[in-house]
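For reference, coords.cif is printed below; it contains mmCIF, C-alpha atoms and all ligand atoms; chains and numbers go by the auth columns.
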data_target
loop_
_atom_site.group_PDB
_atom_site.id
_atom_site.type_symbol
_atom_site.label_atom_id
_atom_site.label_comp_id
_atom_site.label_asym_id
_atom_site.label_seq_id
_atom_site.Cartn_x
_atom_site.Cartn_y
_atom_site.Cartn_z
_atom_site.B_iso_or_equiv
_atom_site.auth_seq_id
_atom_site.auth_asym_id
ATOM 1 C CA MET A 1 -25.271 -20.822 25.900 0.00 145 A
ATOM 2 C CA LEU A 2 -26.775 -18.911 23.008 0.00 146 A
ATOM 3 C CA THR A 3 -29.985 -20.894 22.661 0.00 147 A
ATOM 4 C CA HIS A 4 -32.016 -17.853 23.713 0.00 148 A
ATOM 5 C CA LEU A 5 -30.820 -16.182 20.495 0.00 149 A
ATOM 6 C CA ILE A 6 -31.207 -19.100 18.059 0.00 150 A
ATOM 7 C CA SER A 7 -34.655 -20.615 17.703 0.00 151 A
ATOM 8 C CA ALA A 8 -35.192 -24.381 17.632 0.00 152 A
ATOM 9 C CA GLU A 9 -37.413 -23.896 14.586 0.00 153 A
ATOM 10 C CA GLN A 10 -34.589 -22.329 12.605 0.00 154 A
ATOM 11 C CA CYS A 11 -32.238 -25.156 13.539 0.00 155 A
ATOM 12 C CA ALA A 12 -34.852 -27.778 12.658 0.00 156 A
ATOM 13 C CA SER A 13 -34.942 -26.534 9.085 0.00 157 A
ATOM 14 C CA CYS A 14 -31.159 -26.236 8.832 0.00 158 A
ATOM 15 C CA ARG A 15 -28.980 -28.808 10.701 0.00 159 A
ATOM 16 C CA LEU A 16 -25.945 -27.305 8.990 0.00 160 A
ATOM 17 C CA CYS A 17 -23.714 -27.477 12.051 0.00 161 A
ATOM 18 C CA CYS A 18 -24.457 -31.194 12.605 0.00 162 A
ATOM 19 C CA ASN A 19 -23.606 -32.128 9.033 0.00 163 A
ATOM 20 C CA PHE A 20 -20.062 -32.426 7.686 0.00 164 A
ATOM 21 C CA GLN A 21 -18.072 -32.731 4.505 0.00 165 A
ATOM 22 C CA ARG A 22 -14.539 -34.105 4.371 0.00 166 A
ATOM 23 C CA THR A 23 -13.232 -30.547 4.331 0.00 167 A
ATOM 24 C CA SER A 24 -15.200 -29.627 7.459 0.00 168 A
ATOM 25 C CA ALA A 25 -14.575 -32.847 9.402 0.00 169 A
ATOM 26 C CA TRP A 26 -12.120 -30.882 11.579 0.00 170 A
ATOM 27 C CA GLU A 27 -15.208 -29.185 13.061 0.00 171 A
ATOM 28 C CA THR A 28 -16.583 -32.297 14.755 0.00 172 A
ATOM 29 C CA PRO A 29 -16.676 -31.478 18.454 0.00 173 A
ATOM 30 C CA ALA A 30 -14.223 -32.625 21.107 0.00 174 A
ATOM 31 C CA LEU A 31 -16.029 -34.930 23.549 0.00 175 A
ATOM 32 C CA ALA A 32 -15.707 -34.869 27.341 0.00 176 A
ATOM 33 C CA PRO A 33 -14.396 -38.122 28.895 0.00 177 A
ATOM 34 C CA GLY A 34 -17.706 -39.019 30.554 0.00 178 A
ATOM 35 C CA LEU A 35 -19.567 -38.553 27.301 0.00 179 A
ATOM 36 C CA VAL A 36 -16.971 -40.651 25.443 0.00 180 A
ATOM 37 C CA GLU A 37 -17.651 -43.560 27.807 0.00 181 A
ATOM 38 C CA ARG A 38 -21.407 -43.294 27.363 0.00 182 A
ATOM 39 C CA LEU A 39 -21.195 -43.032 23.570 0.00 183 A
ATOM 40 C CA ARG A 40 -18.759 -45.975 23.376 0.00 184 A
ATOM 41 C CA ALA A 41 -21.155 -48.082 25.402 0.00 185 A
ATOM 42 C CA GLN A 42 -23.892 -47.205 22.897 0.00 186 A
ATOM 43 C CA GLY A 43 -21.692 -48.216 19.958 0.00 187 A
ATOM 44 C CA ILE A 44 -21.445 -44.676 18.532 0.00 188 A
ATOM 45 C CA PRO A 45 -18.419 -44.508 16.181 0.00 189 A
ATOM 46 C CA LEU A 46 -15.635 -42.379 17.672 0.00 190 A
ATOM 47 C CA CYS A 47 -12.055 -41.574 16.784 0.00 191 A
ATOM 48 C CA VAL A 48 -9.067 -39.866 18.389 0.00 192 A
ATOM 49 C CA ARG A 49 -7.561 -36.813 16.711 0.00 193 A
ATOM 50 C CA GLU A 50 -3.903 -35.833 16.524 0.00 194 A
ATOM 51 C CA ASP A 51 -4.383 -33.385 19.415 0.00 195 A
ATOM 52 C CA GLY A 52 -5.526 -36.309 21.608 0.00 196 A
ATOM 53 C CA SER A 53 -9.191 -35.318 21.726 0.00 197 A
ATOM 54 C CA THR A 54 -11.908 -37.863 21.017 0.00 198 A
ATOM 55 C CA THR A 55 -14.590 -36.951 18.524 0.00 199 A
ATOM 56 C CA PHE A 56 -17.240 -38.552 16.351 0.00 200 A
ATOM 57 C CA ALA A 57 -15.996 -40.763 13.511 0.00 201 A
ATOM 58 C CA LEU A 58 -17.703 -39.719 10.295 0.00 202 A
ATOM 59 C CA HIS A 59 -18.493 -42.139 7.509 0.00 203 A
ATOM 60 C CA PHE A 60 -17.471 -41.088 4.013 0.00 204 A
ATOM 61 C CA PRO A 61 -17.842 -43.839 1.392 0.00 205 A
ATOM 62 C CA ALA A 62 -14.578 -44.280 -0.511 0.00 206 A
ATOM 63 C CA ASP A 63 -16.195 -43.280 -3.820 0.00 207 A
ATOM 64 C CA ALA A 64 -18.128 -40.313 -2.356 0.00 208 A
ATOM 65 C CA PRO A 65 -17.687 -36.997 -4.171 0.00 209 A
ATOM 66 C CA GLU A 66 -15.811 -34.178 -2.437 0.00 210 A
ATOM 67 C CA ASN A 67 -19.073 -32.398 -1.508 0.00 211 A
ATOM 68 C CA PHE A 68 -20.655 -35.515 0.048 0.00 212 A
ATOM 69 C CA CYS A 69 -22.266 -34.602 3.396 0.00 213 A
ATOM 70 C CA THR A 70 -22.685 -36.897 6.357 0.00 214 A
ATOM 71 C CA ASN A 71 -24.510 -36.326 9.631 0.00 215 A
ATOM 72 C CA CYS A 72 -23.051 -36.409 13.113 0.00 216 A
ATOM 73 C CA PRO A 73 -23.768 -39.960 14.321 0.00 217 A
ATOM 74 C CA VAL A 74 -25.993 -38.701 17.149 0.00 218 A
ATOM 75 C CA LEU A 75 -28.133 -36.490 14.918 0.00 219 A
ATOM 76 C CA ASN A 76 -31.635 -37.653 14.207 0.00 220 A
ATOM 77 C CA PRO A 77 -32.574 -35.470 11.221 0.00 221 A
ATOM 78 C CA ALA A 78 -36.242 -35.566 12.220 0.00 222 A
ATOM 79 C CA ILE A 79 -35.834 -34.426 15.817 0.00 223 A
ATOM 80 C CA GLY A 80 -32.317 -32.976 16.038 0.00 224 A
ATOM 81 C CA CYS A 81 -29.481 -33.852 18.392 0.00 225 A
ATOM 82 C CA THR A 82 -30.337 -36.920 20.452 0.00 226 A
ATOM 83 C CA LEU A 83 -28.022 -35.947 23.319 0.00 227 A
ATOM 84 C CA PRO A 84 -29.586 -34.129 26.284 0.00 228 A
ATOM 85 C CA ARG A 85 -28.778 -30.425 25.966 0.00 229 A
ATOM 86 C CA SER A 86 -26.740 -30.420 29.188 0.00 230 A
ATOM 87 C CA SER A 87 -24.423 -33.216 28.007 0.00 231 A
ATOM 88 C CA ARG A 88 -23.775 -31.941 24.486 0.00 232 A
ATOM 89 C CA PRO A 89 -20.163 -31.125 23.615 0.00 233 A
ATOM 90 C CA ILE A 90 -19.048 -27.643 24.636 0.00 234 A
ATOM 91 C CA GLU A 91 -18.491 -26.593 21.021 0.00 235 A
ATOM 92 C CA CYS A 92 -22.079 -27.535 20.142 0.00 236 A
ATOM 93 C CA ARG A 93 -23.408 -25.546 23.090 0.00 237 A
ATOM 94 C CA LEU A 94 -21.435 -22.477 21.990 0.00 238 A
ATOM 95 C CA TRP A 95 -22.342 -22.662 18.310 0.00 239 A
ATOM 96 C CA PRO A 96 -22.399 -20.485 16.163 0.00 240 A
ATOM 97 C CA LEU A 97 -19.693 -18.954 18.354 0.00 241 A
ATOM 98 C CA ARG A 98 -16.295 -20.637 18.357 0.00 242 A
ATOM 99 C CA ILE A 99 -13.326 -20.103 20.645 0.00 243 A
ATOM 100 C CA MET A 100 -10.287 -19.700 18.408 0.00 244 A
ATOM 101 C CA ARG A 101 -6.618 -18.790 18.471 0.00 245 A
ATOM 102 C CA THR A 102 -4.854 -16.427 16.105 0.00 246 A
ATOM 103 C CA PRO A 103 -1.484 -17.303 14.521 0.00 247 A
ATOM 104 C CA SER A 104 0.159 -15.072 17.157 0.00 248 A
ATOM 105 C CA GLY A 105 -1.426 -17.146 19.927 0.00 249 A
ATOM 106 C CA ALA A 106 -4.080 -14.639 21.009 0.00 250 A
ATOM 107 C CA LEU A 107 -7.440 -15.918 22.147 0.00 251 A
ATOM 108 C CA ALA A 108 -10.227 -14.936 19.736 0.00 252 A
ATOM 109 C CA PHE A 109 -13.929 -15.568 19.197 0.00 253 A
ATOM 110 C CA GLY A 110 -15.198 -16.479 15.753 0.00 254 A
ATOM 111 C CA LEU A 111 -18.775 -16.370 14.501 0.00 255 A
ATOM 112 C CA TYR A 112 -19.828 -18.859 11.839 0.00 256 A
ATOM 113 C CA ASP A 113 -20.872 -16.681 8.926 0.00 257 A
ATOM 114 C CA ALA A 114 -23.090 -19.254 7.196 0.00 258 A
ATOM 115 C CA CYS A 115 -25.420 -19.836 10.159 0.00 259 A
ATOM 116 C CA PRO A 116 -28.769 -18.606 8.804 0.00 260 A
ATOM 117 C CA ALA A 117 -29.981 -17.737 12.310 0.00 261 A
ATOM 118 C CA VAL A 118 -27.375 -14.993 12.694 0.00 262 A
ATOM 119 C CA SER A 119 -29.219 -11.887 11.552 0.00 263 A
ATOM 120 C CA PRO A 120 -27.476 -8.539 12.013 0.00 264 A
ATOM 121 C CA ALA A 121 -29.394 -8.041 15.294 0.00 265 A
ATOM 122 C CA VAL A 122 -28.485 -11.529 16.590 0.00 266 A
ATOM 123 C CA ARG A 123 -24.884 -10.963 15.570 0.00 267 A
ATOM 124 C CA GLU A 124 -24.743 -7.757 17.617 0.00 268 A
ATOM 125 C CA GLN A 125 -26.296 -9.505 20.610 0.00 269 A
ATOM 126 C CA ILE A 126 -23.835 -12.429 20.385 0.00 270 A
ATOM 127 C CA ILE A 127 -20.927 -9.990 20.238 0.00 271 A
ATOM 128 C CA ARG A 128 -22.323 -8.093 23.251 0.00 272 A
ATOM 129 C CA GLU A 129 -22.780 -11.243 25.349 0.00 273 A
ATOM 130 C CA ALA A 130 -19.522 -12.943 24.311 0.00 274 A
ATOM 131 C CA THR A 131 -17.488 -9.893 25.232 0.00 275 A
ATOM 132 C CA SER A 132 -19.242 -9.148 28.519 0.00 276 A
ATOM 133 C CA ILE A 133 -21.238 -11.646 30.620 0.00 277 A
ATOM 134 C CA LEU A 134 -19.901 -14.758 28.849 0.00 278 A
ATOM 135 C CA LEU A 135 -16.272 -13.640 28.675 0.00 279 A
ATOM 136 C CA PRO A 136 -15.091 -15.184 31.997 0.00 280 A
ATOM 137 C CA GLU A 137 -16.802 -18.490 31.158 0.00 281 A
ATOM 138 C CA LEU A 138 -15.335 -18.547 27.643 0.00 282 A
ATOM 139 C CA ARG A 139 -11.862 -17.888 29.049 0.00 283 A
ATOM 140 C CA ARG A 140 -12.357 -20.716 31.558 0.00 284 A
ATOM 141 C CA ILE A 141 -13.408 -23.107 28.792 0.00 285 A
ATOM 142 C CA ALA A 142 -10.365 -22.114 26.713 0.00 286 A
ATOM 143 C CA ASN A 143 -8.052 -22.791 29.670 0.00 287 A
ATOM 144 C CA GLU A 144 -9.617 -26.028 30.855 0.00 288 A
ATOM 145 C CA HIS A 145 -10.495 -27.510 27.456 0.00 289 A
ATOM 146 C CA PRO A 146 -7.749 -26.467 25.033 0.00 290 A
ATOM 147 C CA CYS A 147 -8.979 -29.004 22.445 0.00 291 A
ATOM 148 C CA THR A 148 -12.054 -26.826 21.914 0.00 292 A
ATOM 149 C CA VAL A 149 -9.896 -23.853 20.878 0.00 293 A
ATOM 150 C CA ARG A 150 -9.394 -23.972 17.103 0.00 294 A
ATOM 151 C CA PRO A 151 -7.142 -22.037 14.749 0.00 295 A
ATOM 152 C CA ILE A 152 -8.898 -19.167 13.013 0.00 296 A
ATOM 153 C CA HIS A 153 -10.570 -20.207 9.768 0.00 297 A
ATOM 154 C CA PRO A 154 -12.028 -18.242 6.839 0.00 298 A
ATOM 155 C CA ALA A 155 -15.545 -19.583 7.528 0.00 299 A
ATOM 156 C CA TYR A 156 -15.584 -17.566 10.770 0.00 300 A
ATOM 157 C CA SER A 157 -15.623 -13.811 11.303 0.00 301 A
ATOM 158 C CA ILE A 158 -13.414 -12.799 14.176 0.00 302 A
ATOM 159 C CA ILE A 159 -15.681 -10.790 16.480 0.00 303 A
ATOM 160 C CA TRP A 160 -13.203 -10.343 19.345 0.00 304 A
ATOM 161 C CA GLU A 161 -9.506 -10.812 19.821 0.00 305 A
ATOM 162 C CA GLU A 162 -7.599 -10.585 23.047 0.00 306 A
ATOM 163 C CA THR A 163 -5.043 -7.816 23.223 0.00 307 A
ATOM 164 C CA PRO A 164 -1.818 -8.303 25.247 0.00 308 A
ATOM 165 C CA GLN A 165 -3.140 -6.005 28.018 0.00 309 A
ATOM 166 C CA GLN A 166 -6.282 -8.153 28.399 0.00 310 A
ATOM 167 C CA THR A 167 -4.316 -11.292 29.232 0.00 311 A
ATOM 168 C CA HIS A 168 -3.170 -9.858 32.582 0.00 312 A
HETATM 169 S S1 LIG B . -26.087 -23.467 11.478 0.00 401 B
HETATM 170 FE FE1 LIG B . -27.251 -22.093 12.845 0.00 401 B
HETATM 171 S S2 LIG B . -29.436 -22.289 12.265 0.00 401 B
HETATM 172 FE FE2 LIG B . -28.290 -24.003 11.340 0.00 401 B
HETATM 173 S S3 LIG B . -28.575 -25.679 12.827 0.00 401 B
HETATM 174 FE FE3 LIG B . -26.643 -24.647 13.312 0.00 401 B
HETATM 175 S S4 LIG B . -27.156 -23.073 14.863 0.00 401 B
HETATM 176 FE FE4 LIG B . -29.095 -23.757 13.895 0.00 401 B
HETATM 177 S S1 LIG B . -23.367 -33.641 19.179 0.00 402 B
HETATM 178 FE FE1 LIG B . -25.441 -32.971 18.658 0.00 402 B
HETATM 179 S S2 LIG B . -25.297 -30.738 18.392 0.00 402 B
HETATM 180 FE FE2 LIG B . -23.212 -31.586 18.290 0.00 402 B
HETATM 181 S S3 LIG B . -22.780 -31.926 16.118 0.00 402 B
HETATM 182 FE FE3 LIG B . -23.601 -33.856 16.958 0.00 402 B
HETATM 183 S S4 LIG B . -25.827 -33.761 16.611 0.00 402 B
HETATM 184 FE FE4 LIG B . -25.007 -31.685 16.357 0.00 402 B
#
For this file, produce the structure as structure tokens.
Ligand code: SF4
Ligand code: SF4
Amino acid sequence: MLTHLISAEQCASCRLCCNFQRTSAWETPALAPGLVERLRAQGIPLCVREDGSTTFALHFPADAPENFCTNCPVLNPAIGCTLPRSSRPIECRLWPLRIMRTPSGALAFGLYDACPAVSPAVREQIIREATSILLPELRRIANEHPCTVRPIHPAYSIIWEETPQQTH
């Protein structure tokens, strides 16, 4: 959705959002049922979270230090994500934007602060698009795929938050 703002070259030298530590394992994306079937058939390790969503199972050796990083199982570090762009998980297609929910239950959009592709100009453009042309689609995703809506987290700046009037 935001690929026109984030260059493939920048992602190729980063891969940050396809690489996880134990403390960021909650960020592995929720997978659509059709994709789950295809990945299972390919032997990709998957697991089911407490909220019922299926995601990638990450491998952390028992003796690995706390800051040990492991790749998403479908990442090829040399070429990037091996899934066709159109079948990637919704959260991956939205990145570095994340649909979130505040403690009061309001819908919010978070922007991942550590993404090196988010310059001040890109940040402004993401905010503009997320709160205008993309807003209906983001609301639809939040309604139809509640597992992709995550609690707000300090790694994300809240760039928009729904006010009570906006819900009607
Ligand atoms: S964190 Fe940003 S620059 Fe890095 S791979 Fe993800 S989208 Fe690309
Ligand atoms: S599915 Fe693809 S884009 Fe998403 S985390 Fe895994 S490798 Fe990255």
Could you tell me, as a PyMOL selection string, exactly which residues end up selected when the PyMOL selection byres (((chain A and resi 183) around 12) and not hetatm) is applied to this structure?
chain A and resi 175-182+184-191+198-201+217-218+226-227+231-233
Using C-alpha atoms, can you write the selected residues to a file as a short mmCIF file (atom, residue, chain, number, x, y, z; two decimals), in the frame of the given file?
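Listing of selection.cif after writing:
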data_model
loop_
_atom_site.label_atom_id
_atom_site.label_comp_id
_atom_site.auth_asym_id
_atom_site.auth_seq_id
_atom_site.Cartn_x
_atom_site.Cartn_y
_atom_site.Cartn_z
CA LEU A 175 -16.03 -34.93 23.55
CA ALA A 176 -15.71 -34.87 27.34
CA PRO A 177 -14.40 -38.12 28.90
CA GLY A 178 -17.71 -39.02 30.55
CA LEU A 179 -19.57 -38.55 27.30
CA VAL A 180 -16.97 -40.65 25.44
CA GLU A 181 -17.65 -43.56 27.81
CA ARG A 182 -21.41 -43.29 27.36
CA ARG A 184 -18.76 -45.98 23.38
CA ALA A 185 -21.16 -48.08 25.40
CA GLN A 186 -23.89 -47.20 22.90
CA GLY A 187 -21.69 -48.22 19.96
CA ILE A 188 -21.44 -44.68 18.53
CA PRO A 189 -18.42 -44.51 16.18
CA LEU A 190 -15.64 -42.38 17.67
CA CYS A 191 -12.06 -41.57 16.78
CA THR A 198 -11.91 -37.86 21.02
CA THR A 199 -14.59 -36.95 18.52
CA PHE A 200 -17.24 -38.55 16.35
CA ALA A 201 -16.00 -40.76 13.51
CA PRO A 217 -23.77 -39.96 14.32
CA VAL A 218 -25.99 -38.70 17.15
CA THR A 226 -30.34 -36.92 20.45
CA LEU A 227 -28.02 -35.95 23.32
CA SER A 231 -24.42 -33.22 28.01
CA ARG A 232 -23.78 -31.94 24.49
CA PRO A 233 -20.16 -31.12 23.62
#
Return as a PyMOL selection string the residues of protein, DNA or RNA that approach ligand LIG 402 (chain B) to within 6 Å, with all atoms listed in the file taken into account.
chain A and resi 162+216+218-219+225+232+236
At what distance in Å, to one decimal, does atom S3 of ligand LIG 401 (chain B) lie from CA of Ala156 (chain A)?
6.6 Å
From the options A:Ser230, A:Thr214, A:Ser248, A:Ser263, which residue's atoms come nearest to ligand LIG 401 (chain B), counting only C-alpha atoms and all ligand atoms?
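Once distances to ligand LIG 401 (chain B) are computed over only C-alpha atoms and all ligand atoms, the minimum belongs to A:Ser263.
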Between A:Arg267, A:Arg245, A:Arg166, A:His203, single out the one closest to ligand LIG 401 (chain B), counting all atoms listed in the file.
A:Arg267
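Counting all atoms listed in the file, the residue from A:Leu146, A:Ala261, A:Val266, A:Ala252 that sits nearest to ligand LIG 401 (chain B) is A:Ala261.
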Determine, for each residue of chain A having at least one atom at most 7 Å from an atom of ligand LIG 401 (chain B), the closest pair of atoms and their separation in Å to one decimal, counting all atoms listed in the file; order by chain and ascending number, as JSON lines.
{"residue": "A:Ile150", "atom": "CA", "partner": "B:LIG401", "partner_atom": "S4", "distance": 6.5}
{"residue": "A:Gln154", "atom": "CA", "partner": "B:LIG401", "partner_atom": "S2", "distance": 5.2}
{"residue": "A:Cys155", "atom": "CA", "partner": "B:LIG401", "partner_atom": "FE4", "distance": 3.5}
{"residue": "A:Ala156", "atom": "CA", "partner": "B:LIG401", "partner_atom": "S3", "distance": 6.6}
{"residue": "A:Cys158", "atom": "CA", "partner": "B:LIG401", "partner_atom": "FE2", "distance": 4.4}
{"residue": "A:Arg159", "atom": "CA", "partner": "B:LIG401", "partner_atom": "S3", "distance": 3.8}
{"residue": "A:Leu160", "atom": "CA", "partner": "B:LIG401", "partner_atom": "S1", "distance": 4.6}
{"residue": "A:Cys161", "atom": "CA", "partner": "B:LIG401", "partner_atom": "FE3", "distance": 4.3}
{"residue": "A:Cys162", "atom": "CA", "partner": "B:LIG401", "partner_atom": "S3", "distance": 6.9}
{"residue": "A:Trp239", "atom": "CA", "partner": "B:LIG401", "partner_atom": "S4", "distance": 5.9}
{"residue": "A:Pro240", "atom": "CA", "partner": "B:LIG401", "partner_atom": "S4", "distance": 5.6}
{"residue": "A:Ala258", "atom": "CA", "partner": "B:LIG401", "partner_atom": "S1", "distance": 6.7}
{"residue": "A:Cys259", "atom": "CA", "partner": "B:LIG401", "partner_atom": "S1", "distance": 3.9}
{"residue": "A:Pro260", "atom": "CA", "partner": "B:LIG401", "partner_atom": "S2", "distance": 5.1}
{"residue": "A:Ala261", "atom": "CA", "partner": "B:LIG401", "partner_atom": "S2", "distance": 4.6}
I want to know what sits within 9 Å of Pro295 (chain A), based on only C-alpha atoms, with residues of the same chain fewer than 2 positions away left out; could you give that as a list in words?
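Near Pro295 (chain A), the qualifying residues are Ile243, Met244, Arg245, Thr246, Pro247, Val293 and His297 of chain A.
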Given the file shown, determine the residues that the PyMOL selection byres (((chain A and resi 145) around 6) and not hetatm) selects; report them as a PyMOL selection string.
chain A and resi 146-147+237-238
